[in-house]
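Below is one structure, written out as structure tokens; the observations come after it.
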Amino acid sequence: MKTTFVAALLVAAFACGAAHAAGILSEQAARAKAIAILKGDPYGRTEGAVARNIKQAQLVQNADSRACGAKATVWEFHVVAAGDNGPIDGYLAINPRTGKMVCANLPFLD
């Protein structure tokens with residue numbers, strides 16, 4: 001009886017920990033979400049082209065975000081792309097759990 005209880009407790013603890021860890025997107029998953037948001041002119045027409053324009057990715061946790069201009073917890077991507085009127089250099093911030101855009105200081109994003 002004790003063994004069954006301990007086993008059930010361990011399974012519950014593992015499931016709870018796995019669910020918590022799964023709450024934040026990995027860098028790879030966050031990068032895929034960012035690419036989907038940025039895909040199109042001037043950031044790149046293909047996923048590969050957009051990926052080449054993402055120069056850095058960083059999980060910002062309750063700290064100053066260059067994209068939002070305030071404290072935030074976001075995946076932040078530094079994007080540099082060629083624009084018609086010169087280079088575009090800015091940041092895209094996405095929600096670390098949902099992958100939806102939180103803010104950006106980049107042109108042409110809805």
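By order of appearance in the structure tokens: chains A, B, ..., then residues from 1 within every chain, and ligands from 1 in the order shown.
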Test item, strand (DSSP E or B) assignment across segment 67-96 of chain A, answer as a PyMOL selection string: chain A and resi 71-83+86-94
Give me the residues near Asn53 of chain A as a JSON list (two decimals) with C-alpha atoms, in the first residue's frame, where near means some atom within 6 Å (using only C-alpha atoms) and where sequence neighbours in that chain fewer than 2 positions away do not count.
[["chain", "number", "residue", "atom", "x", "y", "z"],
["A", 50, "VAL", "CA", 13.67, 35.17, -42.17],
["A", 51, "ALA", "CA", 15.86, 32.92, -40.02],
["A", 55, "LYS", "CA", 20.60, 37.78, -35.35],
["A", 79, "VAL", "CA", 16.12, 41.36, -36.34],
["A", 80, "VAL", "CA", 18.24, 43.02, -39.01],
["A", 81, "ALA", "CA", 16.89, 43.12, -42.57]]
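Excluding Leu109 of chain A itself and any same-chain residue fewer than 3 positions from it, the protein and nucleic acid residues within 12 Å of it, counting only C-alpha atoms, are Ala34, Ala36, Ile37, Leu38, Lys39, Gly40, Asp41, Pro42, Tyr43, Gly90, Tyr91, Leu92, Ala93, Met101, Val102, Cys103, Ala104, Asn105 and Leu106 of chain A.
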Please produce a file of those selected residues containing C-alpha atoms, as a tab-separated table (two decimals), in the first residue's frame.
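The file below, again_22.tsv, is the result:
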chain	number	residue	atom	x	y	z
A	34	ALA	CA	8.93	34.50	-34.54
A	36	ALA	CA	5.98	32.85	-38.74
A	37	ILE	CA	5.24	36.38	-37.47
A	38	LEU	CA	8.01	37.97	-39.54
A	39	LYS	CA	7.55	35.99	-42.76
A	40	GLY	CA	6.97	38.34	-45.69
A	41	ASP	CA	8.55	41.50	-47.05
A	42	PRO	CA	10.87	43.00	-45.87
A	43	TYR	CA	11.94	40.27	-43.40
A	90	GLY	CA	14.98	46.29	-34.26
A	91	TYR	CA	13.43	43.80	-31.89
A	92	LEU	CA	10.41	41.50	-31.80
A	93	ALA	CA	9.10	40.25	-28.46
A	101	MET	CA	3.57	38.94	-30.53
A	102	VAL	CA	3.69	41.16	-27.45
A	103	CYS	CA	5.42	44.17	-28.99
A	104	ALA	CA	8.00	45.16	-31.57
A	105	ASN	CA	9.92	48.18	-32.68
A	106	LEU	CA	9.99	46.94	-36.28
So the first atom is atom CA of Glu27 of chain A and the second is atom CA of Gly83 of chain A; what is the distance between them in Å, to one decimal place?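 Separation between atom CA of Glu27 of chain A and atom CA of Gly83 of chain A: 26.3 Å.
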Check the smallest atom-to-atom distance from each of A:Thr46, A:Val74, A:Ala63, A:Ala57 to Arg97 of chain A using only C-alpha atoms, then report the winner.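 Closest candidate: A:Val74.
Using only C-alpha atoms, the protein and nucleic acid residues lying no more than 8 Å from Ala30 of chain A, apart from those fewer than 3 places from it along its own chain, are Leu25, Ser26, Glu27, Lys33, Ala34, Trp75, Ile94, Pro96 and Gly99 of chain A.
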Could you please take those selected residues and save C-alpha atoms as a compact mmCIF listing (two decimals), in the first residue's frame?
# COMPACT_ATOMS: atom_id res chain seq x y z
CA LEU A 25 8.60 27.68 -25.20
CA SER A 26 12.06 26.41 -26.02
CA GLU A 27 14.26 28.74 -28.04
CA LYS A 33 6.84 31.38 -33.90
CA ALA A 34 8.93 34.50 -34.54
CA TRP A 75 11.34 35.85 -25.94
CA ILE A 94 6.75 37.28 -28.19
CA PRO A 96 7.09 32.94 -23.91
CA GLY A 99 4.31 32.59 -29.02
Please measure the separation of atom CA of Thr73 of chain A and atom CA of Glu47 of chain A, giving the value in Å to one decimal.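 Atom-to-atom, atom CA of Thr73 of chain A to atom CA of Glu47 of chain A, that is 25.2 Å.
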Have a look at atom CA of Asp89 of chain A and atom CA of Ala70 of chain A and let me know their distance in Å, one decimal.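 Pair atom CA of Asp89 of chain A / atom CA of Ala70 of chain A returns 18.7 Å.
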